[in-house]
Every structure is written in structure tokens, then in C-alpha cells.
$ cat model.txt   # compact mmCIF, C-alpha atoms and all ligand atoms
# COMPACT_ATOMS: atom_id res chain seq x y z
CA MET A 22 -38.80 -15.09 62.00
CA LEU A 23 -35.30 -14.50 60.91
CA ILE A 24 -35.69 -17.01 58.14
CA LEU A 25 -38.92 -15.42 57.01
CA PHE A 26 -37.27 -12.03 56.91
CA SER A 27 -34.41 -13.26 54.81
CA GLN A 28 -36.84 -14.96 52.48
CA LEU A 29 -38.75 -11.73 52.06
CA PHE A 30 -35.53 -9.88 51.42
CA TYR A 31 -34.60 -12.48 48.86
CA LEU A 32 -37.94 -12.03 47.15
CA CYS A 33 -37.43 -8.27 46.97
CA VAL A 34 -34.03 -8.70 45.42
CA LEU A 35 -35.54 -11.11 43.00
CA LEU A 36 -38.34 -8.82 41.91
CA GLU A 37 -36.12 -5.83 41.63
CA SER A 38 -34.50 -6.78 38.31
CA VAL A 39 -31.62 -9.07 38.76
CA SER A 40 -28.00 -9.37 37.88
CA PRO A 41 -25.43 -12.25 37.61
CA ILE A 42 -22.22 -13.74 36.62
CA THR A 43 -23.20 -17.15 37.81
CA ASN A 44 -26.91 -16.79 38.34
CA GLY A 45 -28.83 -19.95 37.78
CA ASN A 46 -32.05 -19.12 35.99
CA PHE A 47 -32.09 -15.40 36.70
CA ARG A 48 -31.75 -12.85 33.97
CA PRO A 49 -28.09 -11.84 33.70
CA ASP A 50 -27.03 -8.23 34.06
CA GLU A 51 -25.08 -7.67 30.87
CA PRO A 52 -23.50 -4.21 30.70
CA ALA A 53 -23.59 -2.27 27.44
CA SER A 54 -20.44 -1.35 25.57
CA GLY A 55 -18.67 1.50 27.38
CA ASP A 56 -20.50 1.06 30.71
CA TYR A 57 -17.35 -0.18 32.49
CA PRO A 58 -14.50 1.10 30.31
CA PHE A 59 -11.85 0.20 32.92
CA HIS A 60 -12.47 -3.55 32.69
CA ALA A 61 -9.39 -5.33 31.31
CA LEU A 62 -9.53 -8.90 30.03
CA LEU A 63 -6.23 -10.78 30.37
CA LEU A 64 -5.39 -13.34 27.69
CA GLN A 65 -2.75 -16.04 27.83
CA ARG A 66 -0.79 -17.52 24.97
CA ILE A 67 -1.61 -21.10 24.09
CA GLU A 68 1.79 -22.64 23.34
CA LEU A 69 0.70 -25.20 20.75
CA THR A 70 -1.45 -23.01 18.57
CA ASN A 71 -0.08 -19.57 19.40
CA ASP A 72 -3.67 -18.48 19.98
CA TRP A 73 -4.75 -16.39 22.95
CA SER A 74 -7.33 -17.55 25.44
CA PRO A 75 -9.07 -15.80 28.36
CA LEU A 76 -7.11 -15.99 31.59
CA CYS A 77 -8.36 -13.46 34.15
CA SER A 78 -9.51 -9.88 34.47
CA GLY A 79 -8.07 -6.70 35.90
CA GLY A 80 -8.63 -2.96 36.09
CA LEU A 81 -7.06 -0.26 33.93
CA ILE A 82 -5.74 2.29 36.45
CA HIS A 83 -3.69 4.45 34.05
CA PRO A 84 -3.39 4.45 30.23
CA GLN A 85 -0.37 2.17 30.55
CA TRP A 86 -1.06 0.11 33.69
CA VAL A 87 -3.45 -2.68 34.66
CA LEU A 88 -3.93 -3.91 38.22
CA THR A 89 -4.69 -7.59 38.75
CA THR A 90 -3.93 -10.57 41.00
CA ALA A 91 -0.43 -11.96 41.31
CA HIS A 92 -1.71 -15.52 40.91
CA CYS A 93 -3.08 -14.73 37.45
CA THR A 94 0.40 -13.86 36.27
CA GLN A 95 1.80 -17.19 37.46
CA THR A 96 -0.16 -19.23 34.91
CA PRO A 97 1.74 -20.42 33.02
CA ASN A 98 4.58 -18.19 34.17
CA SER A 99 5.42 -14.57 34.75
CA LYS A 100 6.81 -13.74 31.31
CA PRO A 101 5.29 -10.61 29.73
CA SER A 102 5.31 -12.30 26.32
CA GLU A 103 2.78 -14.90 27.57
CA ILE A 104 0.05 -12.43 28.56
CA ARG A 105 -1.93 -9.79 26.65
CA VAL A 106 -4.55 -7.29 27.71
CA SER A 107 -7.78 -6.71 25.81
CA LEU A 108 -9.52 -3.40 26.51
CA GLY A 109 -12.81 -1.85 25.48
CA SER A 110 -14.85 -4.94 24.66
CA ILE A 111 -17.86 -6.49 26.38
CA HIS A 112 -17.28 -9.66 24.34
CA ILE A 113 -14.90 -12.38 25.45
CA ASN A 114 -13.85 -12.89 21.82
CA GLY A 115 -12.47 -9.35 21.87
CA GLU A 116 -14.84 -7.92 19.25
CA ASN A 117 -13.95 -4.21 18.81
CA SER A 118 -11.22 -4.44 21.43
CA GLN A 119 -7.81 -2.83 21.74
CA THR A 120 -5.23 -5.48 22.42
CA HIS A 121 -1.94 -4.67 24.08
CA ASP A 122 1.22 -6.66 24.63
CA LEU A 123 3.02 -6.30 27.92
CA GLN A 124 6.30 -4.64 28.61
CA ARG A 125 6.56 -5.71 32.25
CA ILE A 126 4.84 -7.68 34.98
CA ILE A 127 5.52 -6.45 38.51
CA VAL A 128 4.40 -8.91 41.18
CA HIS A 129 4.25 -7.65 44.76
CA PRO A 130 7.60 -8.58 46.36
CA ASN A 131 5.87 -10.21 49.33
CA TYR A 132 3.38 -12.22 47.33
CA THR A 133 3.07 -15.76 48.59
CA SER A 134 0.87 -18.19 46.74
CA MET A 135 -1.91 -20.15 48.37
CA ASP A 136 -1.29 -21.60 51.79
CA ASN A 137 -3.47 -24.31 53.29
CA THR A 138 -6.35 -21.84 53.74
CA GLY A 139 -6.34 -21.46 49.98
CA ILE A 140 -5.46 -17.79 49.86
CA GLY A 141 -2.28 -16.03 48.89
CA LEU A 142 -0.85 -13.03 50.71
CA ASN A 143 -0.32 -9.75 48.86
CA ASP A 144 -1.99 -11.25 45.81
CA ILE A 145 -1.49 -8.18 43.61
CA ALA A 146 0.44 -7.45 40.42
CA LEU A 147 0.88 -4.61 37.94
CA LEU A 148 0.97 -5.09 34.20
CA GLU A 149 2.71 -2.42 32.15
CA LEU A 150 1.40 -2.19 28.59
CA ASN A 151 3.83 -1.83 25.71
CA GLU A 152 2.24 1.46 24.76
CA ALA A 153 -0.42 3.68 26.30
CA ALA A 154 -3.98 2.60 25.59
CA LYS A 155 -6.00 4.89 23.32
CA LEU A 156 -8.56 6.38 25.67
CA GLY A 157 -12.12 6.95 24.50
CA PRO A 158 -15.70 6.16 25.48
CA ARG A 159 -14.96 2.43 25.75
CA VAL A 160 -11.48 2.63 27.35
CA GLN A 161 -10.91 4.71 30.48
CA PRO A 162 -8.87 4.20 33.64
CA ILE A 163 -10.60 3.87 37.01
CA ARG A 164 -9.66 5.83 40.14
CA LEU A 165 -8.19 3.94 43.05
CA HIS A 166 -9.84 3.86 46.42
CA MET A 167 -7.18 5.58 48.54
CA ASN A 168 -8.54 5.48 52.08
CA ASP A 169 -7.28 2.33 53.77
CA LYS A 170 -8.94 3.34 57.07
CA GLN A 171 -12.46 3.62 55.70
CA LEU A 172 -14.92 1.03 56.98
CA LEU A 173 -16.42 -0.64 53.98
CA PHE A 174 -18.68 -3.03 55.91
CA GLU A 175 -22.22 -3.18 54.50
CA LYS A 176 -21.36 -1.06 51.47
CA MET A 177 -22.74 -2.16 48.12
CA ALA A 178 -20.18 -2.68 45.37
CA TYR A 179 -20.19 -4.10 41.86
CA LEU A 180 -18.16 -6.62 40.00
CA THR A 181 -17.67 -7.18 36.26
CA GLY A 182 -16.28 -10.30 34.67
CA PHE A 183 -16.40 -13.10 32.12
CA GLY A 184 -16.31 -16.05 34.56
CA LYS A 185 -18.36 -19.22 34.30
CA THR A 186 -22.12 -18.70 34.05
CA SER A 187 -22.74 -21.80 36.21
CA SER A 188 -20.54 -24.04 38.33
CA HIS A 189 -20.26 -26.62 35.57
CA GLY A 190 -20.82 -24.26 32.68
CA SER A 191 -18.43 -22.33 30.47
CA LEU A 192 -17.10 -18.78 30.53
CA SER A 193 -19.53 -16.05 29.65
CA SER A 194 -19.29 -14.82 26.08
CA ARG A 195 -20.47 -11.40 27.26
CA MET A 196 -19.36 -9.35 30.20
CA ARG A 197 -21.60 -9.74 33.23
CA LYS A 198 -22.06 -7.66 36.31
CA ALA A 199 -22.78 -8.75 39.89
CA ALA A 200 -23.92 -6.69 42.89
CA MET A 201 -21.88 -7.45 46.02
CA HIS A 202 -22.51 -6.70 49.70
CA ILE A 203 -19.34 -6.13 51.68
CA THR A 204 -19.37 -8.33 54.77
CA ASP A 205 -16.98 -8.74 57.68
CA SER A 206 -13.89 -10.90 57.57
CA THR A 207 -15.40 -13.67 59.71
CA LYS A 208 -17.73 -14.46 56.83
CA CYS A 209 -14.75 -15.39 54.75
CA ALA A 210 -13.60 -17.70 57.56
CA LEU A 211 -10.00 -17.41 56.62
CA VAL A 212 -6.94 -17.90 58.69
CA ASN A 213 -5.06 -15.48 56.53
CA TYR A 214 -7.64 -12.76 56.38
CA ALA A 215 -6.01 -9.39 57.02
CA ASP A 216 -6.94 -5.73 56.61
CA SER A 217 -5.55 -5.83 53.12
CA LYS A 218 -8.49 -7.91 51.94
CA ILE A 219 -12.23 -7.38 51.44
CA CYS A 220 -14.88 -10.04 52.02
CA ALA A 221 -18.17 -9.72 50.11
CA THR A 222 -21.18 -11.77 49.18
CA SER A 223 -24.26 -11.68 46.97
CA PHE A 224 -27.46 -13.58 46.40
CA LEU A 225 -27.50 -15.80 43.35
CA ALA A 226 -30.04 -13.44 41.80
CA GLU A 227 -27.53 -10.61 42.07
CA GLY A 228 -24.81 -12.65 40.38
CA LYS A 229 -21.98 -14.58 42.01
CA PRO A 230 -18.41 -14.82 40.86
CA CYS A 231 -17.20 -18.22 39.69
CA THR A 232 -14.16 -19.84 38.08
CA GLY A 233 -12.63 -17.46 35.54
CA ASP A 234 -13.53 -14.37 37.55
CA SER A 235 -10.09 -13.93 39.18
CA GLY A 236 -8.98 -10.33 38.96
CA ASP A 237 -12.52 -9.03 38.38
CA PRO A 238 -12.62 -5.37 39.46
CA LEU A 239 -14.78 -4.60 42.54
CA PHE A 240 -15.92 -0.99 42.42
CA ILE A 241 -18.26 1.59 43.84
CA THR A 242 -19.47 4.87 42.42
CA SER A 243 -18.23 8.11 43.97
CA LYS A 244 -20.44 11.10 44.78
CA ASN A 245 -19.64 12.66 41.41
CA ASN A 246 -20.68 9.43 39.72
CA LYS A 247 -17.17 8.22 38.85
CA PRO A 248 -16.28 4.57 39.43
CA VAL A 249 -13.71 3.88 42.15
CA LEU A 250 -11.73 0.64 42.36
CA LEU A 251 -12.01 -0.99 45.79
CA GLY A 252 -10.37 -4.30 45.01
CA PHE A 253 -10.23 -7.29 42.71
CA LEU A 254 -11.29 -10.89 43.17
CA ILE A 255 -8.74 -13.39 44.43
CA TYR A 256 -10.75 -16.24 45.96
CA ILE A 257 -14.24 -17.76 46.22
CA THR A 258 -15.22 -19.54 49.43
CA GLN A 259 -17.45 -21.95 47.60
CA SER A 260 -18.35 -25.45 48.63
CA GLY A 261 -18.16 -27.23 45.32
CA SER A 262 -20.57 -24.78 43.73
CA CYS A 263 -20.56 -21.10 42.80
CA GLU A 264 -24.29 -20.97 43.45
CA ASN A 265 -24.62 -20.88 47.24
CA ASP A 266 -26.27 -17.63 48.31
CA ASN A 267 -24.31 -17.56 51.56
CA ASN A 268 -20.83 -18.07 50.20
CA ASN A 269 -18.46 -15.11 50.23
CA SER A 270 -15.65 -14.01 47.97
CA VAL A 271 -12.30 -12.49 48.87
CA PHE A 272 -10.75 -9.46 47.23
CA THR A 273 -7.36 -7.78 47.52
CA ARG A 274 -8.05 -4.32 49.00
CA VAL A 275 -6.52 -1.73 46.68
CA SER A 276 -6.21 1.08 49.26
CA SER A 277 -3.79 -1.08 51.28
CA TYR A 278 -1.36 -1.06 48.36
CA VAL A 279 -1.43 2.56 47.23
CA PRO A 280 2.17 3.31 48.34
CA TRP A 281 3.45 0.20 46.60
CA ILE A 282 1.50 0.99 43.40
CA ALA A 283 2.83 4.56 43.39
CA THR A 284 6.44 3.44 43.84
CA ALA A 285 6.31 0.52 41.43
CA THR A 286 4.67 2.48 38.60
CA GLY A 287 5.94 5.99 39.25
CA ILE A 288 2.36 7.22 38.68
CA ASN A 289 1.36 10.37 40.52
CA LEU A 290 -1.61 8.94 42.38
CA LYS A 291 -2.56 12.37 43.74
CA ILE A 292 -4.43 12.92 40.50
CA PHE A 293 -6.85 10.27 41.76
CA SER A 294 -9.14 11.83 44.34
CA ASN A 295 -10.58 10.24 47.44
CA ILE A 296 -14.21 9.40 47.72
C1 LIG B 301 7.80 -6.92 52.36
O1 LIG B 301 8.02 -7.48 53.64
C2 LIG B 301 9.15 -6.90 54.31
C3 LIG B 301 9.38 -7.72 55.58
O2 LIG B 301 8.21 -7.78 56.36
C4 LIG B 301 8.88 -5.44 54.60
O3 LIG B 301 9.97 -4.84 55.26
C5 LIG B 301 8.64 -4.73 53.27
O4 LIG B 301 8.27 -3.38 53.50
C6 LIG B 301 7.53 -5.43 52.48
N1 LIG B 301 7.45 -4.83 51.13
C7 LIG B 301 6.37 -4.19 50.70
C8 LIG B 301 6.45 -3.60 49.34
O5 LIG B 301 5.35 -4.08 51.36
C1 LIG B 302 -21.17 -22.20 51.27
O1 LIG B 302 -22.58 -22.37 51.25
C2 LIG B 302 -22.99 -23.68 51.62
C3 LIG B 302 -24.49 -23.76 51.41
O2 LIG B 302 -25.16 -22.70 52.05
C4 LIG B 302 -22.58 -23.90 53.08
O3 LIG B 302 -22.96 -25.22 53.49
C5 LIG B 302 -21.07 -23.76 53.22
O4 LIG B 302 -20.69 -23.86 54.56
C6 LIG B 302 -20.62 -22.40 52.66
N1 LIG B 302 -19.18 -22.38 52.65
C7 LIG B 302 -18.46 -21.34 53.10
C8 LIG B 302 -16.99 -21.51 53.06
O5 LIG B 302 -18.99 -20.32 53.48
$ encode --input "model.txt" --output "C-alpha cells"
Amino acid sequence: MLILFSQLFYLCVLLESVSPITNGNFRPDEPASGDYPFHALLLQRIELTNDWSPLCSGGLIHPQWVLTTAHCTQTPNSKPSEIRVSLGSIHINGENSQTHDLQRIIVHPNYTSMDNTGIGLNDIALLELNEAAKLGPRVQPIRLHMNDKQLLFEKMAYLTGFGKTSSHGSLSSRMRKAAMHITDSTKCALVNYADSKICATSFLAEGKPCTGDSGDPLFITSKNNKPVLLGFLIYITQSGSCENDNNNSVFTRVSSYVPWIATATGINLKIFSNI
């Protein structure tokens, strides 16, 4: 009975126009230019050629600041000169993008990289751009979710990214969007799971994050239709494949770090309203 129900549910999801990042044979949900103007694509310098290649994603939270994972800034190292931020493009090649060099990388002081459960603690970092981004229809900061007490369980949230389109495939040339269901921490089965993280899953037809999706912004829409940043992707509990419907993903919960973000950046976060 239970199985039948879940199959029916699956069918409904499937019929209801589908989304994806990794999504097997389903039609990918590819946002239009300007739909998610807070999405930041991080690029890393390739030493030999001096070219820049896609590294991770993040969220623009202020004209001069991007929020992302700490682990993304450790490859190859934490030097600002090794990372750039591309804003305003739905194309991984940066077509029509604004590219910014970094002035500073601020990694959370208590960040510890992966332990034997595979997940880092306080996996969060701030990137300060050299100059303020030019805001417009395709480049806009996102509000932070401020309420660290709010129960997010069973909420629907969305994810944008350029990660692999299949477990053994390549990065997506266009931005994709996935629909995520927030689950409880037991689903992430992590020793290190704490309140400062979010666990979420999706059916393959809704899109599932894969390699290359680190730092992808996880967001909801507020009552006045403005996007609100809940977290960003740090880990996928996959079993050798990004395509298992039941596998969950782990996100750093932004509201747990609001005091640190305010102090580290000096931004007046009161201008960001609660939802
Ligand atoms: C880092 O950890 C120390 C020791 O637990 C704590 O006192 C400090 O407040 C933490 N720093 C931040 C920014 O959370
Ligand atoms: C991922 O999904 C597969 C297939 O459903 C399952 O066997 C495995 O236990 C899941 N892994 C985790 C960590 O949830």
C-alpha cells in the first residue's frame, strides 16, 4: 500500500512538468535569464593556461559579497587571486556575465574539513568582490533567512546550479533548477548533523544535485514573492550515483550564521526582512 502510494505520488510529480540538475531522461528545468539573479558561479584559475574554469556556486547576498561553502575556497587554496565570481549569466561559459575578482575570502574560523562522515563543520565562507556588482534585472542580491528557530521540515525549496547532468556526465552548460523537499536530519544519516544544517531530497524527475553543485543556493519564496536564501549545498549522500530518488543532500543553514555574517562583513542585515 505504501509502495503503491509512493508510486502514485511519483507519477503525479512526473506528469506535473518536471525539473532537474541530474535528471535522467526527464526534461530539465532551465531557468530563463534573470529568473535567479542572485546565483553566483565561482571560477578557479587554471595554473597552466591561466584560464578560468567552473568551481562551485554561491549566492550574492549584497552587491559586494557572495556566500558559499568553505570547502570550495580550499581548492586549490584560499588565495583571492585564484577565484573569480561570474554573475548574471545562465550559461556556464559566462555569456553576458559580469565577472569580478576577489578582494578577500573569509572562511568561518571554526570550519573543519570533512571528517570520517564526509561532512565538514561550519562549512561556510564569504567572498568579498573587488568592487560592487552592477545591479540590474540579471544581478540582484538575495535576502537571508534570518529565523534559526523556524522548523523547515517538509517545506519545499529550490536549488539552482551547473552541476553534472548525470552521474557520469559533464557539467551543465545551462543553469538548471531542482525542487527540494526538506526532510529531517535522520534522512541524512550523519554523525555530524547539527542544527546548523538542512537535509533535503528530491525525486529524480524534480532534479537532483550532483558533482559540481557545491555551493548551490537553496531558496524559498517569501510571501511578497521575493527569494530568500535558506542554505547552500555542501554534501550529497549518494551511493555511487546522483540518481537515487531516496538520497538526500546536506546544506549549511544560513540562519545559523547570521551573527557571524553580520560581523565578518559589516553589512547591516536588518535591511533583510524575515519571512
Ligand atoms: C568558534 O568556536 C569557539 C570555541 O567553541 C567559540 O567560542 C567561538 O564563538 C566560535 N566562533 C564563531 C564565529 O562561531
Ligand atoms: C541512496 O539510495 C540508494 C538506492 O535507493 C540506497 O540503497 C542507499 O542506501 C541511499 N544512500 C543514502 C546514504 O541514503
$ atom_distance --input "model.txt" --atom1 "atom CA of A:Ala199" --atom2 "atom CA of A:Gln95"
26.1 Å
$ residues_near_ligand --input "model.txt" --ligand "ligand LIG 302 (chain B)" --cutoff "7 Å" --atoms "all atoms listed in the file" --output "list in words"
Lys208, Cys209, Ala210, Thr258, Gln259, Ser260, Asn265, Asp266, Asn267, Asn268 and Asn269 of chain A
$ residues_near_point --input "model.txt" --point "(-4.1, 3.0, 54.0)" --cutoff "8 Å" --atoms "all atoms listed in the file" --output "list in words"
Met167, Asn168, Asp169, Lys170, Ser276, Ser277, Tyr278 and Val279 of chain A
$ residues_near_ligand --input "model.txt" --ligand "ligand LIG 301 (chain B)" --cutoff "7 Å" --atoms "all atoms listed in the file" --output "PyMOL selection string"
chain A and resi 129-131+281
$ residues_around --input "model.txt" --residues "A:Thr181" --least-positions-apart "6" --cutoff "12 Å" --atoms "only C-alpha atoms" --output "ChimeraX atom specification"
/A:40-43,49-53,56-62,77-80,111,193,195-201,227-231,233-241,250,252-254
$ closest_residue --input "model.txt" --among "A:Leu63, A:Thr133, A:Leu69, A:Asp216" --to "A:Arg105" --atoms "only C-alpha atoms"
A:Leu63
$ residues_around --input "model.txt" --residues "A:Ser134" --least-positions-apart "3" --cutoff "10 Å" --atoms "all atoms listed in the file" --output "PDB file with C-alpha atoms, in the coordinates of the input"
ATOM      1  CA  ALA A  91      -0.430 -11.960  41.310  1.00  0.00           C
ATOM      2  CA  HIS A  92      -1.710 -15.520  40.910  1.00  0.00           C
ATOM      3  CA  GLN A  95       1.800 -17.190  37.460  1.00  0.00           C
ATOM      4  CA  ASN A 131       5.870 -10.210  49.330  1.00  0.00           C
ATOM      5  CA  ASN A 137      -3.470 -24.310  53.290  1.00  0.00           C
ATOM      6  CA  GLY A 139      -6.340 -21.460  49.980  1.00  0.00           C
ATOM      7  CA  ILE A 140      -5.460 -17.790  49.860  1.00  0.00           C
ATOM      8  CA  GLY A 141      -2.280 -16.030  48.890  1.00  0.00           C
ATOM      9  CA  LEU A 142      -0.850 -13.030  50.710  1.00  0.00           C
ATOM     10  CA  ASN A 143      -0.320  -9.750  48.860  1.00  0.00           C
ATOM     11  CA  ASP A 144      -1.990 -11.250  45.810  1.00  0.00           C
TER      12      ASP A 144
END
$ residues_around --input "model.txt" --residues "A:Thr94" --least-positions-apart "4" --cutoff "12 Å" --atoms "all atoms listed in the file" --output "PyMOL selection string"
chain A and resi 63-66+76-79+87-90+98-106+123+125-129+132+134+144-148+235-236
$ closest_residue --input "model.txt" --among "A:Phe272, A:Asn151, A:Thr242, A:Ile282" --to "A:Ser206" --atoms "all atoms listed in the file"
A:Phe272
